[in-house]
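Single-structure report; data block below.
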Amino acid sequence: MSSLAPALGQIAVLVIALAVAVPFLGRYLAHTYTSQRHLAVERASYRLLRVDPDADQHWKTYATSVLGFSLVGLLGLYALGRLQEHLPLSLGYAALPADGAWNTAVSFVTNTNWQWYSGESTVGHLFQMSGLTVQNFVSAAVGMAVAAAFARGLARSMQDGRVGNFWSDLVRGTVRVLLPIAAGSALVLVACGAIQNLVGNRTVGTQVITGGPVASQEAIKQLGTNGGGFYNVNSAHPFENPTPFTDIVQIFLMLVIPFAMAWAFGLIVKDRRQGIAVVSVMALLLGVAISLLTWAEMAGIGLAPAAAGGAMEGKEVRFGTAASALFAAATTGTSTGAVNSMHDSLTAPGGGVAMFGMMLGEIAPGGVGSGLYGMLMLAIVTVFLCGLMVGRTPEYLGKKIGQREIVLVALYVLATPVLVLTGIAVAITAQDGLAGLQESGPHGLSEALYAVTSAANNNGSAFGGLTSGTPFWDTLLGLLMLLGRFLPIVFVLALAGRFASQQHLPPSAGTLPTHKPLFVALLSGVALVVVGLTYVPVLALGPIAESLS
Amino acid sequence: MNINLSEALPGAVRKLDPRELWRTPVMLVVEIGAAATTVMAVLDPSTMAWTVTVWLWLTVLFGTLAESVAEGRGKAQAASLRALQQETTAQRRRPDGGYDEVASTALRAGDVVLVEAGQRIPGDGDVIEGVASVDESAVTGESAPVIRESGGDRSAVTGGTVVLSDRIVVRITSDPGQSFVDRMIALVEGSERQKTPNEIALNVLLSTLTVIFLVVVGSLYFVADYSDAHQSLIVLTALLVCLIPTTIGALLSAIGIAGMDRLVRRNVLAMSGRAVEAAGDVDVLLLDKTGTITHGNRQASALLPLAGVSPEELAEASLLSSLADETPEGRSIVALVGDRRPVPAGASLVEFTATTRMSGIDLPGGREIRKGAGSAVTAWAGGTTPELDELVQGVSSTGGTPLVVAQRSGETGRLLGVIHLKDVVKDGIRERFDELRAMGIRTVMITGDNAVTAAAIAQEAGVDDFLAEATPEDKMALIRREQEGGRMVAMCGDGTNDAPALAQADVGVAMNTGTTAAKEAGNMVDLDSDPTKLIDVVEIGKQLLITRGALTTFSVANDVAKYFAILPAMFVVAFPQLDVLNVMQLSSPESAIVSAVVFNALVIVALIPLSLRGVRYRPSSATALLRRNLLIYGIGGLVAPFLGIKLLDVVISLIPGI
């Protein structure tokens, strides 16, 4: 197949770029979240926020700070949306409806970036810049902060539930990591043709062309695994993602921090091999997803693609099947949700893989921060199951997994599947839910399933075909996003507190090693089996039934 | 293993009571499911409905049966222990020194009683006067009588045991109903059984899986409706029961009871299940040198002749001097030379005394042979030589004890050489320590010997570390230090001065011959008083945890095959293309579902023996253990149900109506 070489080539470029960048960025991240020093600009922010950045917070205080900060963001964004028509730079757009403003506010604060609206025809520059883009930064920084707190909890010993300082984690993540990389990447995107201006709608012939501060939002949209596009068609739009080169840059940006967080985790717990093991599991699962998706799309599985001679429906000719498949795997493996092709038009098995990537709980490599803590939670489940088989009370990184710990892990593991499965049951039972589906039968189920999965897992990508801007869907998905983000965060922080209180136990030959290939294989296996067992029945009636027809 | 079904079954049926079952949420869900299908089968009878219903009930019953069988094994032992508790009369001392006859049940802690030969000791206590031989076989199973005496570390007596000779005065240390035998009965019967921390944690995980599958099956009801593939509640219940971890849920408590029972069978009583679990986590073993690592008495290991003395000559002299020496050292010399012969006629024996510090023999004809401490024998023989000093020094420096051998004819003494006595390390103990090291457990030898001797024995036995000239305080400090480093410590002890350390250790095994204080402080008692058993205890703890882990993995892995059986069966009518997933080629949807349910129930029965016996455990590193158990229970758990369900389907498809 002549198109195979470029397909493999772009994957090779991506792998090399990540292999170079991840250890470097990982080291930098580890330093960022453990250093004692504050930058001048950070000190200024702490004074502004009136917080003490050196206070070592108990996990409850840390969690309250996370929730409080996010609540303020949520209310602010809601107000911005509701008051749009009265604010400058609105391009003349009306206020968002109540349910739409709620949905969007939740969506961006939870790092989901589900979009029920078309950016270019609904919201103005002010909302895009000071609402959405700001949340793109801080919601990503919140995820990274929680992951850093969890890593510190594991690294500490007898610290009475103290896991670090949220405000310092938040500010540092934004100032030291996200801002510099996003600024640099925005320049690269601009240089390659992405637009960056404050021009409103301009009519050219019969077309209305919307300009705006696109590149600056685009960079953080990918880097922070947010995914909310400036334009409705997201990274398929030539102003957002002009060339195959910017396409690979965008994919790189999605993956780099989630992988680097895992690397940093190893350094924070003072055992680099542990970080490498986590990176390996993420890479393994993502590799499988990329392979399957690329195969499905390039082979054009299914009746329509076979008849058409390829699965080009819903894809940009600039990118083609392979680059679209790669992007789809990366965006659902991370919690980004940006798209450069319409996932509704992926082949049935391809769409199934994308869905499965999200169902894994966004751990391959997942969202910034959330990917790491999600994976570590599964690692603890794995340690619990397999640790018993070596004849000891299970322990991970010298921390015993006893009753209190496993309760928190259990709650974490329960949260998302319960949200997804109750969500789908509600969606396909309620008349208002069914009304939003474009298709019936297995594909309609896939549309609804994709939406609830995407929301509860804070991905934000859409399958298309679903008309989601209705009060029913806005409310349902908003609830799923909110609970799907903050319930797990509270459980993660509680567990971090437990671990920080525990004494660190030295490893021995009788301890289950968690850095060896065997554990990497086990963790991958447990992730696949646990998620598989949870979602196979409903997948069977959606994508699987569709694939086999 | 003999399982007496007729005895276990009534107990199993009693355990079906939901109030009993709520302790195992997984099985409670099965029972509720079974009740629901019963109702539906009554309302809308069909062969399929009734078959599923019956097998769901059987699933619950098999679970309670496992627990009942595990408990039954302790009951027989409890019965024989109860026989010890028959009421006897006791002679209680009055304040004025006389004795009253009172019932043994009237005794309280602090009372003092007199027990004479042939009488049963009326309660647990400490001997405060006298010495007696006591038959403790009823408690320990050991038929040889043991000596109990006041003071020292052999003062504790157990109520119900019998004094064979002499008379002792005992201070009672327990109130009625709280004696050692009472506690033993409660333990072996499992009546005081509380869930252990790891068991609770595992239960949380199993309940989580159950909730997930409840939500999965619940949502599937609606999704199926949407897909025009309506599912009956019977089918959904069958799917739910197949998915939730019934195998491990049913066997979990049986595994715990059987673990305690395995200890009891080795004559170790654990005061709590928590201690058994902790044993699996032990990082450091403190082992007393004497009795655990060495035989406890020094034995001759080499004969070192001086220059000019032939090995045969030294051997003969050593032998002659030891022929009548019945001390362990003397016998070991005879054994080393290997030439037992009668004492020559007319010879006179010279006993060892503390003043002469030597022993030997005077032969007819004036030849006198002595062996003993270096300074005593050289003085007797007329002075030492540098060569002899060097030999003596050499033996001492390796931790051995030198015995100098010399002979005298008339006034001329002649030094012959040195017998090297040493503490002999038990056979196979080094291998045992190597195994422990592979398991990640450090061994520390505790000894009262000086550092040189201790180092030599430690080296020979292959322990990781030693504590020489150990005092109880040293022991305590060592345990604290290890625990501060986050390590779990196990030790055994018998004396009163061991009690604080036994209490401090995470696993403290008290010897039954020891004092009451030691037995109270430890969390296990070894009825055989064999310190080596500490190693067995650790292995049993590990085996308990491994059995749980292995069956959990097996249970979860089973689900994959069940999906392949049930999902196509449920939806093949609405989506014929899903028949591709019917990889087992099961004959009909009904047969597939029933086969999965039956397999799910039968696998519990099949695994009852394994859960009682524990999975095979060989000491090895964590990685090796994991690889082996994953292969058997993980991969096995994936594959076995494919075969089992297919086989059952072949049979079940013959039933008309399915």
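Naming works like this for the structure tokens: A, B, ... for the chains as they're shown, residue 1 at the start of each chain, ligands 1 onward in shown order.
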
Would you kindly report the residues of chain A within 6 Å of chain B, using only C-alpha atoms, as a compact mmCIF listing (two decimals) with all heavy atoms, in the first residue's frame?
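Result went into out24.txt, see below:
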# COMPACT_ATOMS: atom_id res chain seq x y z
N LEU A 385 -4.77 -6.83 43.22
CA LEU A 385 -5.10 -8.17 42.71
C LEU A 385 -3.87 -9.06 42.69
O LEU A 385 -3.92 -10.21 43.11
CB LEU A 385 -5.68 -8.06 41.30
CG LEU A 385 -7.12 -7.58 41.20
CD1 LEU A 385 -7.52 -7.41 39.75
CD2 LEU A 385 -8.05 -8.57 41.88
N LEU A 388 -1.56 -9.80 46.19
CA LEU A 388 -1.95 -10.92 47.05
C LEU A 388 -1.31 -12.21 46.55
O LEU A 388 -0.96 -13.07 47.34
CB LEU A 388 -3.48 -11.07 47.03
CG LEU A 388 -4.26 -10.09 47.90
CD1 LEU A 388 -5.74 -10.31 47.70
CD2 LEU A 388 -3.89 -10.29 49.35
N MET A 389 -1.14 -12.30 45.24
CA MET A 389 -0.61 -13.55 44.70
C MET A 389 0.86 -13.75 45.02
O MET A 389 1.41 -14.81 44.74
CB MET A 389 -0.85 -13.62 43.19
CG MET A 389 -2.26 -14.08 42.87
SD MET A 389 -2.43 -14.62 41.19
CE MET A 389 -2.45 -13.08 40.34
N VAL A 390 1.54 -12.75 45.56
CA VAL A 390 2.91 -12.99 46.02
C VAL A 390 2.95 -13.18 47.53
O VAL A 390 4.01 -13.29 48.12
CB VAL A 390 3.90 -11.88 45.60
CG1 VAL A 390 3.85 -11.65 44.11
CG2 VAL A 390 3.62 -10.58 46.34
N GLY A 391 1.76 -13.21 48.15
CA GLY A 391 1.72 -13.58 49.56
C GLY A 391 2.00 -12.45 50.53
O GLY A 391 2.50 -12.69 51.62
N ARG A 392 1.72 -11.24 50.13
CA ARG A 392 1.87 -10.12 51.07
C ARG A 392 0.66 -9.22 50.97
O ARG A 392 -0.04 -9.22 49.96
CB ARG A 392 3.11 -9.30 50.72
CG ARG A 392 4.40 -9.91 51.18
CD ARG A 392 5.56 -9.11 50.65
NE ARG A 392 5.71 -7.84 51.33
CZ ARG A 392 6.51 -7.67 52.38
NH1 ARG A 392 7.19 -8.68 52.86
NH2 ARG A 392 6.62 -6.49 52.94
N GLY A 402 -4.52 -0.94 52.22
CA GLY A 402 -5.41 -1.57 53.20
C GLY A 402 -6.84 -1.23 52.90
O GLY A 402 -7.20 -0.79 51.80
N GLN A 403 -7.67 -1.39 53.93
CA GLN A 403 -9.11 -1.21 53.74
C GLN A 403 -9.45 0.23 53.34
O GLN A 403 -10.17 0.46 52.38
CB GLN A 403 -9.79 -1.57 55.06
CG GLN A 403 -11.29 -1.51 54.99
CD GLN A 403 -11.87 -1.45 56.38
OE1 GLN A 403 -11.18 -1.65 57.37
NE2 GLN A 403 -13.15 -1.16 56.46
N ALA A 410 -11.79 2.14 45.13
CA ALA A 410 -13.04 1.57 44.63
C ALA A 410 -14.00 2.67 44.20
O ALA A 410 -14.63 2.59 43.14
CB ALA A 410 -13.67 0.69 45.71
N LEU A 421 -22.83 4.65 32.37
CA LEU A 421 -23.89 3.67 32.12
C LEU A 421 -25.26 4.19 32.54
O LEU A 421 -26.26 3.93 31.86
CB LEU A 421 -23.56 2.35 32.82
CG LEU A 421 -22.33 1.64 32.22
CD1 LEU A 421 -21.93 0.44 33.05
CD2 LEU A 421 -22.59 1.22 30.77
N ALA A 425 -28.31 4.99 29.86
CA ALA A 425 -29.65 4.45 30.10
C ALA A 425 -30.69 5.58 30.08
O ALA A 425 -31.75 5.44 29.48
CB ALA A 425 -29.69 3.72 31.44
N LEU A 505 7.36 2.03 53.48
CA LEU A 505 7.94 0.73 53.77
C LEU A 505 9.04 0.42 52.76
O LEU A 505 8.84 0.59 51.56
CB LEU A 505 6.88 -0.36 53.69
CG LEU A 505 5.57 -0.08 54.43
CD1 LEU A 505 4.54 -1.13 54.09
CD2 LEU A 505 5.84 -0.06 55.91
N SER A 508 11.48 -5.16 49.48
CA SER A 508 12.35 -6.32 49.67
C SER A 508 12.12 -7.26 48.50
O SER A 508 11.30 -6.98 47.63
CB SER A 508 12.02 -7.02 50.98
OG SER A 508 10.82 -7.74 50.85
N ALA A 509 12.83 -8.38 48.52
CA ALA A 509 12.66 -9.36 47.43
C ALA A 509 11.24 -9.92 47.43
O ALA A 509 10.79 -10.47 46.44
CB ALA A 509 13.68 -10.48 47.57
N GLY A 510 10.54 -9.78 48.57
CA GLY A 510 9.18 -10.31 48.64
C GLY A 510 8.14 -9.32 48.17
O GLY A 510 6.96 -9.63 48.13
N THR A 511 8.56 -8.12 47.83
CA THR A 511 7.61 -7.10 47.38
C THR A 511 7.39 -7.25 45.89
O THR A 511 8.33 -7.50 45.14
CB THR A 511 8.19 -5.69 47.64
OG1 THR A 511 8.83 -5.70 48.90
CG2 THR A 511 7.11 -4.65 47.62
N LEU A 512 6.14 -7.06 45.48
CA LEU A 512 5.83 -7.12 44.05
C LEU A 512 6.52 -5.95 43.35
O LEU A 512 6.26 -4.80 43.68
CB LEU A 512 4.32 -7.02 43.88
CG LEU A 512 3.80 -6.89 42.45
CD1 LEU A 512 3.88 -8.24 41.76
CD2 LEU A 512 2.38 -6.39 42.45
N LEU A 548 -19.98 -5.61 12.63
CA LEU A 548 -20.13 -6.96 12.11
C LEU A 548 -21.20 -7.05 11.04
O LEU A 548 -21.35 -8.07 10.39
CB LEU A 548 -20.46 -7.92 13.26
CG LEU A 548 -19.33 -8.09 14.29
CD1 LEU A 548 -19.81 -8.92 15.47
CD2 LEU A 548 -18.11 -8.74 13.65
N SER A 549 -21.97 -5.95 10.88
CA SER A 549 -23.08 -6.07 9.92
C SER A 549 -22.56 -5.94 8.50
O SER A 549 -21.55 -5.34 8.25
CB SER A 549 -24.14 -5.00 10.22
OG SER A 549 -23.54 -3.74 10.07

Problem - Nearby residues (only C-alpha atoms) at most 6 Å from region 452-463 of chain A, same-chain spacing under 4 positions excluded, as number ranges by chain - result: A: 112-114, 335-338, 343-344, 361, 420, 447, 477, 480-481, 484

Practice task
Extract, using only C-alpha atoms, all DNA, RNA and protein residues at most 8 Å from Gly273 (chain B), discarding same-chain residues fewer than 6 positions from it, and format them as a VMD selection string.
Solution key: chain B and resid 193 to 196 256 260

Exercise for the section: Using only C-alpha atoms, determine which residues lie at most 7 Å from region 223-230 of chain A, disregarding the query and same-chain residues fewer than 2 positions distant; provide the list as number ranges by chain. Expected result: A: 111-115, 119-120, 136-137, 140, 182, 214, 219-221, 232, 234-235, 253-254, 334-338, 367-368, 460

Any chance you could export the current selection's N, CA and C atoms as a CSV table (one decimal), in the first residue's frame?
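Below is the file again_29.csv, written as the result:
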chain,number,residue,atom,x,y,z
A,111,ASN,N,-12.1,20.8,32.0
A,111,ASN,CA,-11.1,20.4,31.0
A,111,ASN,C,-11.8,19.4,30.0
A,112,THR,N,-13.1,19.5,29.9
A,112,THR,CA,-13.7,18.6,28.9
A,112,THR,C,-13.8,19.2,27.5
A,113,ASN,N,-14.4,20.4,27.5
A,113,ASN,CA,-14.5,21.2,26.3
A,113,ASN,C,-15.4,20.6,25.3
A,114,TRP,N,-16.5,20.0,25.8
A,114,TRP,CA,-17.6,19.6,25.0
A,114,TRP,C,-18.2,20.8,24.4
A,115,GLN,N,-18.5,20.9,23.2
A,115,GLN,CA,-19.1,22.1,22.6
A,115,GLN,C,-20.4,21.8,21.9
A,119,GLY,N,-18.4,27.6,17.5
A,119,GLY,CA,-17.7,28.8,18.1
A,119,GLY,C,-17.8,30.0,17.2
A,120,GLU,N,-17.7,29.8,15.9
A,120,GLU,CA,-17.6,31.0,15.0
A,120,GLU,C,-19.0,31.7,14.9
A,136,ASN,N,-8.9,27.1,29.6
A,136,ASN,CA,-8.0,26.1,29.0
A,136,ASN,C,-6.7,26.0,29.8
A,137,PHE,N,-6.2,27.1,30.2
A,137,PHE,CA,-5.0,27.1,31.0
A,137,PHE,C,-5.2,26.6,32.4
A,140,ALA,N,-6.4,22.9,33.0
A,140,ALA,CA,-5.2,22.0,32.8
A,140,ALA,C,-4.3,22.1,34.0
A,182,ALA,N,2.9,27.1,25.5
A,182,ALA,CA,1.7,27.5,24.6
A,182,ALA,C,2.1,28.7,23.8
A,214,VAL,N,-7.1,32.9,17.0
A,214,VAL,CA,-7.2,31.4,16.9
A,214,VAL,C,-5.9,30.7,17.4
A,219,ALA,N,-3.1,26.6,20.6
A,219,ALA,CA,-1.9,26.0,21.3
A,219,ALA,C,-2.3,25.4,22.6
A,220,ILE,N,-3.0,26.2,23.4
A,220,ILE,CA,-3.3,25.6,24.8
A,220,ILE,C,-4.4,24.6,24.7
A,221,LYS,N,-5.3,24.7,23.6
A,221,LYS,CA,-6.3,23.7,23.4
A,221,LYS,C,-5.7,22.3,23.3
A,232,ASN,N,-16.2,25.4,14.8
A,232,ASN,CA,-17.0,24.3,15.1
A,232,ASN,C,-16.3,23.0,14.6
A,234,ASN,N,-13.3,22.5,14.5
A,234,ASN,CA,-12.1,22.2,15.3
A,234,ASN,C,-10.9,22.1,14.5
A,235,SER,N,-10.0,21.1,14.7
A,235,SER,CA,-8.7,21.1,14.1
A,235,SER,C,-8.8,20.6,12.6
A,253,LEU,N,1.6,18.1,20.8
A,253,LEU,CA,1.3,19.0,22.0
A,253,LEU,C,0.3,18.2,22.9
A,254,MET,N,-0.7,17.5,22.3
A,254,MET,CA,-1.6,16.7,23.1
A,254,MET,C,-0.9,15.7,24.0
A,334,THR,N,-5.8,10.8,25.0
A,334,THR,CA,-5.7,11.9,25.9
A,334,THR,C,-7.1,12.3,26.2
A,335,SER,N,-7.3,13.3,27.1
A,335,SER,CA,-8.7,13.8,27.3
A,335,SER,C,-9.0,15.0,26.4
A,336,THR,N,-8.3,15.1,25.3
A,336,THR,CA,-8.3,16.4,24.5
A,336,THR,C,-9.7,16.6,23.9
A,337,GLY,N,-10.0,15.7,23.0
A,337,GLY,CA,-11.3,15.8,22.3
A,337,GLY,C,-11.4,16.8,21.1
A,338,ALA,N,-10.2,17.3,20.8
A,338,ALA,CA,-10.1,18.0,19.5
A,338,ALA,C,-10.3,17.0,18.4
A,367,GLY,N,-5.5,12.8,30.1
A,367,GLY,CA,-5.4,14.3,30.2
A,367,GLY,C,-4.2,14.7,31.0
A,368,VAL,N,-3.9,16.0,30.9
A,368,VAL,CA,-2.8,16.5,31.7
A,368,VAL,C,-3.1,16.3,33.2
A,460,GLY,N,-14.6,15.3,25.6
A,460,GLY,CA,-15.1,16.5,24.9
A,460,GLY,C,-15.2,16.3,23.4

Handout entry: Residues within 10 Å of Leu363 (chain B), only C-alpha atoms, excluding chain neighbours under 6 positions, as a PyMOL selection string
Key = chain B and resi 320-321+343-349+369+409

Exercise for the section: List the neighbours of Ala36 (chain B) out to 12 Å using only C-alpha atoms; skip same-chain residues closer than 4 positions along the sequence, and give me the result as a VMD selection string. Expected result: chain B and resid 29 to 32 40 to 43 49 to 50 52 to 54 56 to 57 232 to 238

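Across the structure, CA of Ala448 (chain A) and CA of Asn340 (chain A) are spaced 20.5 Å apart.
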